[in-house]
>>> print(open('start-v3.cif').read())   # mmCIF, N, CA and C atoms
data_final
loop_
_atom_site.label_atom_id
_atom_site.label_comp_id
_atom_site.auth_asym_id
_atom_site.auth_seq_id
_atom_site.Cartn_x
_atom_site.Cartn_y
_atom_site.Cartn_z
N MET H 1233 139.23 145.88 106.33
CA MET H 1233 138.58 144.74 106.95
C MET H 1233 137.06 144.83 106.80
N GLU H 1234 136.50 146.03 107.00
CA GLU H 1234 135.06 146.18 106.90
C GLU H 1234 134.56 145.79 105.52
N TYR H 1235 135.29 146.20 104.48
CA TYR H 1235 134.82 145.92 103.12
C TYR H 1235 134.89 144.43 102.81
N LYS H 1236 135.93 143.75 103.26
CA LYS H 1236 136.05 142.31 103.04
C LYS H 1236 134.89 141.57 103.70
N ILE H 1237 134.57 141.92 104.91
CA ILE H 1237 133.44 141.30 105.61
C ILE H 1237 132.14 141.66 104.90
N TYR H 1238 132.00 142.91 104.52
CA TYR H 1238 130.80 143.35 103.81
C TYR H 1238 130.59 142.51 102.54
N ARG H 1239 131.64 142.30 101.76
CA ARG H 1239 131.52 141.52 100.51
C ARG H 1239 131.10 140.08 100.82
N SER H 1240 131.63 139.50 101.86
CA SER H 1240 131.26 138.13 102.24
C SER H 1240 129.79 138.06 102.63
N VAL H 1241 129.34 139.04 103.39
CA VAL H 1241 127.93 139.08 103.79
C VAL H 1241 127.04 139.29 102.56
N CYS H 1242 127.47 140.12 101.62
CA CYS H 1242 126.70 140.33 100.39
C CYS H 1242 126.59 139.05 99.58
N ASP H 1243 127.62 138.23 99.60
CA ASP H 1243 127.54 136.93 98.93
C ASP H 1243 126.45 136.06 99.56
N ILE H 1244 126.34 136.09 100.85
CA ILE H 1244 125.29 135.34 101.54
C ILE H 1244 123.92 135.88 101.16
N ILE H 1245 123.79 137.20 101.14
CA ILE H 1245 122.51 137.82 100.76
C ILE H 1245 122.13 137.44 99.34
N ASP H 1246 123.10 137.46 98.42
CA ASP H 1246 122.84 137.04 97.04
C ASP H 1246 122.35 135.61 96.99
N TYR H 1247 122.94 134.76 97.79
CA TYR H 1247 122.57 133.35 97.81
C TYR H 1247 121.17 133.13 98.40
N LEU H 1248 120.84 133.88 99.43
CA LEU H 1248 119.58 133.67 100.16
C LEU H 1248 118.36 134.35 99.56
N TYR H 1249 118.56 135.51 99.00
CA TYR H 1249 117.42 136.34 98.62
C TYR H 1249 117.46 136.68 97.14
N LYS H 1250 116.38 136.38 96.46
CA LYS H 1250 116.25 136.76 95.05
C LYS H 1250 115.63 138.15 94.95
N ASP H 1251 114.58 138.38 95.72
CA ASP H 1251 113.89 139.68 95.73
C ASP H 1251 114.54 140.59 96.77
N ASN H 1252 114.63 141.85 96.47
CA ASN H 1252 115.11 142.88 97.38
C ASN H 1252 116.57 142.72 97.80
N LYS H 1253 117.32 141.84 97.13
CA LYS H 1253 118.70 141.62 97.59
C LYS H 1253 119.55 142.87 97.47
N ASP H 1254 119.29 143.71 96.47
CA ASP H 1254 120.07 144.95 96.37
C ASP H 1254 119.77 145.87 97.54
N GLU H 1255 118.52 145.93 97.94
CA GLU H 1255 118.14 146.76 99.09
C GLU H 1255 118.75 146.19 100.38
N TYR H 1256 118.77 144.88 100.52
CA TYR H 1256 119.33 144.24 101.71
C TYR H 1256 120.82 144.50 101.85
N LYS H 1257 121.49 144.78 100.73
CA LYS H 1257 122.94 145.01 100.76
C LYS H 1257 123.29 146.48 101.02
N LYS H 1258 122.30 147.31 101.25
CA LYS H 1258 122.56 148.72 101.52
C LYS H 1258 122.70 148.96 103.02
N PHE H 1259 123.88 148.65 103.52
CA PHE H 1259 124.21 148.91 104.92
C PHE H 1259 125.71 149.13 105.01
N TYR H 1260 126.14 149.65 106.13
CA TYR H 1260 127.55 149.95 106.38
C TYR H 1260 128.00 149.22 107.63
N ILE H 1261 129.25 148.81 107.63
CA ILE H 1261 129.85 148.19 108.81
C ILE H 1261 130.94 149.13 109.32
N LYS H 1262 130.87 149.41 110.60
CA LYS H 1262 131.90 150.24 111.22
C LYS H 1262 132.49 149.46 112.39
N ILE H 1263 133.78 149.23 112.31
CA ILE H 1263 134.49 148.53 113.37
C ILE H 1263 134.94 149.57 114.39
N ILE H 1264 134.51 149.41 115.63
CA ILE H 1264 134.84 150.35 116.71
C ILE H 1264 135.88 149.70 117.63
N PRO H 1265 137.08 150.22 117.69
CA PRO H 1265 138.13 149.62 118.53
C PRO H 1265 137.91 149.97 120.01
N LYS H 1266 136.84 149.44 120.54
CA LYS H 1266 136.47 149.74 121.92
C LYS H 1266 135.91 148.46 122.54
N GLU H 1267 136.23 148.21 123.78
CA GLU H 1267 135.70 147.05 124.49
C GLU H 1267 134.47 147.48 125.28
N MET H 1268 133.38 146.75 125.08
CA MET H 1268 132.12 147.04 125.77
C MET H 1268 131.75 145.78 126.56
N LYS H 1269 131.15 145.96 127.72
CA LYS H 1269 130.81 144.81 128.55
C LYS H 1269 129.52 144.12 128.12
N SER H 1270 128.50 144.85 127.80
CA SER H 1270 127.20 144.23 127.59
C SER H 1270 126.75 144.19 126.14
N ILE H 1271 127.58 144.63 125.22
CA ILE H 1271 127.14 144.69 123.83
C ILE H 1271 128.32 144.39 122.90
N HIS H 1272 128.05 143.58 121.89
CA HIS H 1272 129.08 143.25 120.91
C HIS H 1272 128.88 144.03 119.61
N GLY H 1273 127.64 144.38 119.34
CA GLY H 1273 127.33 145.11 118.12
C GLY H 1273 125.96 145.74 118.23
N ARG H 1274 125.68 146.63 117.30
CA ARG H 1274 124.35 147.25 117.26
C ARG H 1274 124.05 147.71 115.84
N TYR H 1275 122.75 147.80 115.57
CA TYR H 1275 122.29 148.22 114.25
C TYR H 1275 121.45 149.48 114.40
N PHE H 1276 121.74 150.49 113.59
CA PHE H 1276 120.98 151.73 113.57
C PHE H 1276 120.12 151.74 112.31
N CYS H 1277 118.81 151.55 112.50
CA CYS H 1277 117.88 151.45 111.37
C CYS H 1277 117.92 152.69 110.49
N ASN H 1278 117.91 153.86 111.09
CA ASN H 1278 117.83 155.11 110.32
C ASN H 1278 119.08 155.38 109.50
N LYS H 1279 120.22 154.83 109.90
CA LYS H 1279 121.48 155.04 109.18
C LYS H 1279 121.91 153.82 108.37
N LYS H 1280 121.21 152.69 108.60
CA LYS H 1280 121.60 151.40 108.00
C LYS H 1280 123.07 151.09 108.33
N LEU H 1281 123.39 151.29 109.59
CA LEU H 1281 124.76 151.19 110.08
C LEU H 1281 124.87 150.08 111.12
N ILE H 1282 125.88 149.24 110.94
CA ILE H 1282 126.22 148.20 111.91
C ILE H 1282 127.53 148.61 112.57
N GLU H 1283 127.50 148.68 113.88
CA GLU H 1283 128.73 148.93 114.64
C GLU H 1283 129.11 147.65 115.37
N VAL H 1284 130.41 147.36 115.37
CA VAL H 1284 130.91 146.15 116.01
C VAL H 1284 132.00 146.53 117.00
N PHE H 1285 131.91 145.96 118.21
CA PHE H 1285 132.84 146.24 119.29
C PHE H 1285 133.56 144.96 119.70
N ASN H 1286 134.41 145.07 120.70
CA ASN H 1286 135.06 143.93 121.33
C ASN H 1286 135.88 143.12 120.33
N LEU H 1287 136.82 143.78 119.70
CA LEU H 1287 137.63 143.13 118.69
C LEU H 1287 138.65 142.16 119.27
N SER H 1288 138.73 142.09 120.58
CA SER H 1288 139.62 141.13 121.22
C SER H 1288 139.05 139.71 121.14
N ARG H 1289 137.80 139.59 120.78
CA ARG H 1289 137.17 138.26 120.65
C ARG H 1289 137.69 137.56 119.39
N PRO H 1290 137.56 136.24 119.33
CA PRO H 1290 137.97 135.51 118.13
C PRO H 1290 137.19 135.98 116.89
N TYR H 1291 137.81 135.82 115.74
CA TYR H 1291 137.24 136.27 114.47
C TYR H 1291 135.82 135.74 114.25
N ASN H 1292 135.60 134.44 114.49
CA ASN H 1292 134.26 133.88 114.29
C ASN H 1292 133.21 134.56 115.16
N HIS H 1293 133.59 134.96 116.34
CA HIS H 1293 132.65 135.65 117.23
C HIS H 1293 132.28 137.01 116.63
N ILE H 1294 133.25 137.69 116.08
CA ILE H 1294 133.00 139.00 115.47
C ILE H 1294 132.09 138.84 114.24
N ILE H 1295 132.38 137.84 113.41
CA ILE H 1295 131.54 137.59 112.23
C ILE H 1295 130.12 137.24 112.64
N THR H 1296 129.98 136.44 113.67
CA THR H 1296 128.64 136.08 114.16
C THR H 1296 127.88 137.31 114.61
N THR H 1297 128.55 138.22 115.27
CA THR H 1297 127.92 139.48 115.68
C THR H 1297 127.45 140.26 114.46
N ILE H 1298 128.30 140.35 113.45
CA ILE H 1298 127.93 141.08 112.23
C ILE H 1298 126.73 140.42 111.57
N LEU H 1299 126.71 139.10 111.49
CA LEU H 1299 125.57 138.40 110.88
C LEU H 1299 124.29 138.64 111.68
N HIS H 1300 124.42 138.70 112.99
CA HIS H 1300 123.27 139.01 113.85
C HIS H 1300 122.71 140.40 113.51
N GLU H 1301 123.61 141.36 113.36
CA GLU H 1301 123.17 142.72 113.05
C GLU H 1301 122.62 142.83 111.62
N VAL H 1302 123.18 142.06 110.70
CA VAL H 1302 122.64 142.02 109.33
C VAL H 1302 121.22 141.44 109.37
N ALA H 1303 120.99 140.46 110.21
CA ALA H 1303 119.63 139.92 110.36
C ALA H 1303 118.67 141.00 110.85
N HIS H 1304 119.12 141.86 111.75
CA HIS H 1304 118.29 142.99 112.18
C HIS H 1304 118.00 143.92 111.00
N HIS H 1305 119.00 144.17 110.18
CA HIS H 1305 118.84 145.03 109.01
C HIS H 1305 117.78 144.46 108.06
N ILE H 1306 117.89 143.19 107.74
CA ILE H 1306 116.93 142.56 106.82
C ILE H 1306 115.55 142.51 107.46
N ASP H 1307 115.48 142.17 108.73
CA ASP H 1307 114.21 142.15 109.46
C ASP H 1307 113.54 143.51 109.41
N TYR H 1308 114.32 144.55 109.64
CA TYR H 1308 113.77 145.91 109.60
C TYR H 1308 113.22 146.25 108.22
N LEU H 1309 113.96 145.88 107.17
CA LEU H 1309 113.48 146.17 105.82
C LEU H 1309 112.25 145.36 105.46
N MET H 1310 112.13 144.16 105.99
CA MET H 1310 110.96 143.31 105.71
C MET H 1310 109.72 143.76 106.48
N ARG H 1311 109.90 144.13 107.75
CA ARG H 1311 108.74 144.39 108.62
C ARG H 1311 108.57 145.84 109.03
N GLY H 1312 109.57 146.66 108.78
CA GLY H 1312 109.48 148.04 109.24
C GLY H 1312 109.85 148.20 110.70
N GLU H 1313 110.28 147.14 111.32
CA GLU H 1313 110.76 147.13 112.70
C GLU H 1313 111.65 145.91 112.86
N THR H 1314 112.41 145.89 113.90
CA THR H 1314 113.20 144.70 114.20
C THR H 1314 113.23 144.49 115.69
N LYS H 1315 113.05 143.27 116.07
CA LYS H 1315 113.13 142.88 117.48
C LYS H 1315 113.44 141.39 117.50
N ILE H 1316 114.00 140.94 118.59
CA ILE H 1316 114.36 139.53 118.69
C ILE H 1316 113.10 138.75 119.06
N ASP H 1317 112.54 138.12 118.04
CA ASP H 1317 111.36 137.28 118.18
C ASP H 1317 111.46 136.15 117.17
N SER H 1318 110.41 135.38 116.98
CA SER H 1318 110.49 134.22 116.09
C SER H 1318 110.74 134.62 114.64
N GLU H 1319 110.20 135.75 114.20
CA GLU H 1319 110.44 136.20 112.83
C GLU H 1319 111.91 136.58 112.62
N PHE H 1320 112.45 137.30 113.56
CA PHE H 1320 113.88 137.66 113.51
C PHE H 1320 114.74 136.39 113.53
N ASN H 1321 114.42 135.47 114.43
CA ASN H 1321 115.21 134.26 114.57
C ASN H 1321 115.22 133.43 113.28
N LYS H 1322 114.13 133.40 112.54
CA LYS H 1322 114.10 132.69 111.26
C LYS H 1322 115.13 133.28 110.29
N ILE H 1323 115.18 134.59 110.24
CA ILE H 1323 116.14 135.27 109.36
C ILE H 1323 117.57 134.97 109.82
N TYR H 1324 117.81 135.13 111.10
CA TYR H 1324 119.16 134.94 111.65
C TYR H 1324 119.64 133.50 111.46
N ILE H 1325 118.80 132.54 111.76
CA ILE H 1325 119.17 131.13 111.61
C ILE H 1325 119.47 130.81 110.15
N HIS H 1326 118.66 131.34 109.25
CA HIS H 1326 118.87 131.12 107.82
C HIS H 1326 120.23 131.68 107.39
N ILE H 1327 120.56 132.86 107.87
CA ILE H 1327 121.86 133.47 107.57
C ILE H 1327 123.00 132.64 108.16
N LEU H 1328 122.85 132.19 109.40
CA LEU H 1328 123.90 131.38 110.04
C LEU H 1328 124.13 130.07 109.29
N HIS H 1329 123.05 129.39 108.92
CA HIS H 1329 123.19 128.13 108.18
C HIS H 1329 123.95 128.35 106.87
N THR H 1330 123.62 129.41 106.18
CA THR H 1330 124.29 129.71 104.92
C THR H 1330 125.76 130.03 105.16
N ALA H 1331 126.06 130.81 106.19
CA ALA H 1331 127.44 131.15 106.50
C ALA H 1331 128.26 129.89 106.82
N ILE H 1332 127.64 128.94 107.48
CA ILE H 1332 128.32 127.67 107.78
C ILE H 1332 128.51 126.87 106.49
N ASN H 1333 127.46 126.75 105.70
CA ASN H 1333 127.54 125.99 104.44
C ASN H 1333 128.55 126.59 103.47
N GLU H 1334 128.68 127.90 103.48
CA GLU H 1334 129.61 128.59 102.59
C GLU H 1334 131.00 128.72 103.20
N LYS H 1335 131.18 128.09 104.37
CA LYS H 1335 132.46 128.06 105.07
C LYS H 1335 132.99 129.44 105.48
N MET H 1336 132.03 130.34 105.73
CA MET H 1336 132.41 131.65 106.25
C MET H 1336 132.72 131.54 107.75
N ILE H 1337 131.99 130.64 108.41
CA ILE H 1337 132.24 130.35 109.82
C ILE H 1337 132.17 128.83 109.99
N LYS H 1338 132.79 128.34 111.05
CA LYS H 1338 132.79 126.91 111.34
C LYS H 1338 131.80 126.63 112.45
N TYR H 1339 131.01 125.57 112.26
CA TYR H 1339 129.95 125.24 113.21
C TYR H 1339 130.49 125.02 114.62
N ASP H 1340 131.58 124.22 114.76
CA ASP H 1340 132.07 123.96 116.12
C ASP H 1340 132.61 125.21 116.79
N GLU H 1341 133.14 126.14 116.01
CA GLU H 1341 133.58 127.41 116.58
C GLU H 1341 132.37 128.28 116.91
N LEU H 1342 131.34 128.20 116.09
CA LEU H 1342 130.12 128.95 116.36
C LEU H 1342 129.50 128.54 117.69
N LYS H 1343 129.52 127.26 117.99
CA LYS H 1343 128.96 126.77 119.25
C LYS H 1343 129.68 127.35 120.45
N ARG H 1344 130.93 127.74 120.27
CA ARG H 1344 131.71 128.29 121.39
C ARG H 1344 131.52 129.79 121.57
N THR H 1345 130.78 130.44 120.66
CA THR H 1345 130.59 131.89 120.81
C THR H 1345 129.57 132.13 121.91
N ASP H 1346 129.65 133.28 122.51
CA ASP H 1346 128.73 133.61 123.60
C ASP H 1346 127.51 134.36 123.11
N ASP H 1347 127.40 134.59 121.81
CA ASP H 1347 126.27 135.40 121.33
C ASP H 1347 125.57 134.83 120.12
N TYR H 1348 125.70 133.51 119.89
CA TYR H 1348 124.97 132.96 118.74
C TYR H 1348 123.65 132.43 119.20
#
>>> encode(input="start-v3.cif", output="structure tokens")
Amino acid sequence: MEYKIYRSVCDIIDYLYKDNKDEYKKFYIKIIPKEMKSIHGRYFCNKKLIEVFNLSRPYNHIITTILHEVAHHIDYLMRGETKIDSEFNKIYIHILHTAINEKMIKYDELKRTDDY
């Protein structure tokens, strides 16, 4: 499952970024079969690792979490840091729009997620 999602995200990166796209695709996704109350996913800059939790949520919610963490990864590579601010949001929104346009996620289902 991780590799299938990774390939889909790499397709988005290829579509969005001409420069540094190979560097942006250097990350790992680890699915953690654990339910967490306050966190759906996290990104470790030093390991280029995305961890995803709460697999009981609908598929679109999980994909949205992964895209959020990929935005942190790209933000970190661009700025040397990542935080949720206007620069991060530009990256995340751009990724979400592309995922919708490429039919990776559905807009009306995205609106129902609790973390978009």
>>> closest_residue(input="start-v3.cif", among="H:Leu1299, H:Thr1314, H:His1304, H:Pro1265", to="Leu1328 (chain H)", atoms="only N, CA and C atoms")
H:Leu1299
>>> resolve_selection(input="start-v3.cif", expression="the PyMOL selection byres ((chain H and resi 1244-1259) around 6.5)", output="VMD selection string")
chain H and resid 1239 to 1243 1260 to 1261 1279 to 1282 1306 1330
>>> residues_around(input="start-v3.cif", residues="region 1288-1297 of chain H", least_positions_apart="2", cutoff="8 Å", atoms="all atoms listed in the file", output="short mmCIF file (atom, residue, chain, number, x, y, z; two decimals) with N, CA and C atoms, in the frame of the given file")
data_model
loop_
_atom_site.label_atom_id
_atom_site.label_comp_id
_atom_site.auth_asym_id
_atom_site.auth_seq_id
_atom_site.Cartn_x
_atom_site.Cartn_y
_atom_site.Cartn_z
N ILE H 1237 134.57 141.92 104.91
CA ILE H 1237 133.44 141.30 105.61
C ILE H 1237 132.14 141.66 104.90
N PRO H 1265 137.08 150.22 117.69
CA PRO H 1265 138.13 149.62 118.53
C PRO H 1265 137.91 149.97 120.01
N LYS H 1266 136.84 149.44 120.54
CA LYS H 1266 136.47 149.74 121.92
C LYS H 1266 135.91 148.46 122.54
N GLU H 1267 136.23 148.21 123.78
CA GLU H 1267 135.70 147.05 124.49
C GLU H 1267 134.47 147.48 125.28
N HIS H 1272 128.05 143.58 121.89
CA HIS H 1272 129.08 143.25 120.91
C HIS H 1272 128.88 144.03 119.61
N GLY H 1273 127.64 144.38 119.34
CA GLY H 1273 127.33 145.11 118.12
C GLY H 1273 125.96 145.74 118.23
N ARG H 1274 125.68 146.63 117.30
CA ARG H 1274 124.35 147.25 117.26
C ARG H 1274 124.05 147.71 115.84
N GLU H 1283 127.50 148.68 113.88
CA GLU H 1283 128.73 148.93 114.64
C GLU H 1283 129.11 147.65 115.37
N VAL H 1284 130.41 147.36 115.37
CA VAL H 1284 130.91 146.15 116.01
C VAL H 1284 132.00 146.53 117.00
N PHE H 1285 131.91 145.96 118.21
CA PHE H 1285 132.84 146.24 119.29
C PHE H 1285 133.56 144.96 119.70
N ASN H 1286 134.41 145.07 120.70
CA ASN H 1286 135.06 143.93 121.33
C ASN H 1286 135.88 143.12 120.33
N LEU H 1299 126.71 139.10 111.49
CA LEU H 1299 125.57 138.40 110.88
C LEU H 1299 124.29 138.64 111.68
N HIS H 1300 124.42 138.70 112.99
CA HIS H 1300 123.27 139.01 113.85
C HIS H 1300 122.71 140.40 113.51
N GLU H 1301 123.61 141.36 113.36
CA GLU H 1301 123.17 142.72 113.05
C GLU H 1301 122.62 142.83 111.62
N VAL H 1302 123.18 142.06 110.70
CA VAL H 1302 122.64 142.02 109.33
C VAL H 1302 121.22 141.44 109.37
N ALA H 1303 120.99 140.46 110.21
CA ALA H 1303 119.63 139.92 110.36
C ALA H 1303 118.67 141.00 110.85
N LEU H 1328 122.85 132.19 109.40
CA LEU H 1328 123.90 131.38 110.04
C LEU H 1328 124.13 130.07 109.29
N MET H 1336 132.03 130.34 105.73
CA MET H 1336 132.41 131.65 106.25
C MET H 1336 132.72 131.54 107.75
N ILE H 1337 131.99 130.64 108.41
CA ILE H 1337 132.24 130.35 109.82
C ILE H 1337 132.17 128.83 109.99
N LYS H 1338 132.79 128.34 111.05
CA LYS H 1338 132.79 126.91 111.34
C LYS H 1338 131.80 126.63 112.45
N GLU H 1341 133.14 126.14 116.01
CA GLU H 1341 133.58 127.41 116.58
C GLU H 1341 132.37 128.28 116.91
N LEU H 1342 131.34 128.20 116.09
CA LEU H 1342 130.12 128.95 116.36
C LEU H 1342 129.50 128.54 117.69
N ARG H 1344 130.93 127.74 120.27
CA ARG H 1344 131.71 128.29 121.39
C ARG H 1344 131.52 129.79 121.57
N THR H 1345 130.78 130.44 120.66
CA THR H 1345 130.59 131.89 120.81
C THR H 1345 129.57 132.13 121.91
N ASP H 1346 129.65 133.28 122.51
CA ASP H 1346 128.73 133.61 123.60
C ASP H 1346 127.51 134.36 123.11
N ASP H 1347 127.40 134.59 121.81
CA ASP H 1347 126.27 135.40 121.33
C ASP H 1347 125.57 134.83 120.12
N TYR H 1348 125.70 133.51 119.89
CA TYR H 1348 124.97 132.96 118.74
C TYR H 1348 123.65 132.43 119.20
#
>>> atom_distance(input="start-v3.cif", atom1="CA of Ala1331 (chain H)", atom2="CA of Ile1298 (chain H)")
11.5 Å
>>> select_by_dssp(input="start-v3.cif", residues="region 1246-1275 of chain H", states="strand (DSSP E or B)", output="list in words")
Tyr1260, Ile1261, Lys1262, Ile1263, Gly1273, Arg1274 and Tyr1275 of chain H
>>> select_by_dssp(input="start-v3.cif", residues="region 1252-1331 of chain H", states="alpha helix (DSSP H)", output="VMD selection string")
chain H and resid 1253 to 1256 1291 to 1311 1318 to 1331
>>> atom_distance(input="start-v3.cif", atom1="CA of Asp1307 (chain H)", atom2="CA of Tyr1275 (chain H)")
11.2 Å
>>> atom_distance(input="start-v3.cif", atom1="CA of Glu1313 (chain H)", atom2="CA of Ile1271 (chain H)")
20.0 Å
>>> closest_residue(input="start-v3.cif", among="H:Ile1327, H:Cys1277, H:Met1268, H:Ile1332", to="Gly1312 (chain H)", atoms="only C-alpha atoms")
H:Cys1277
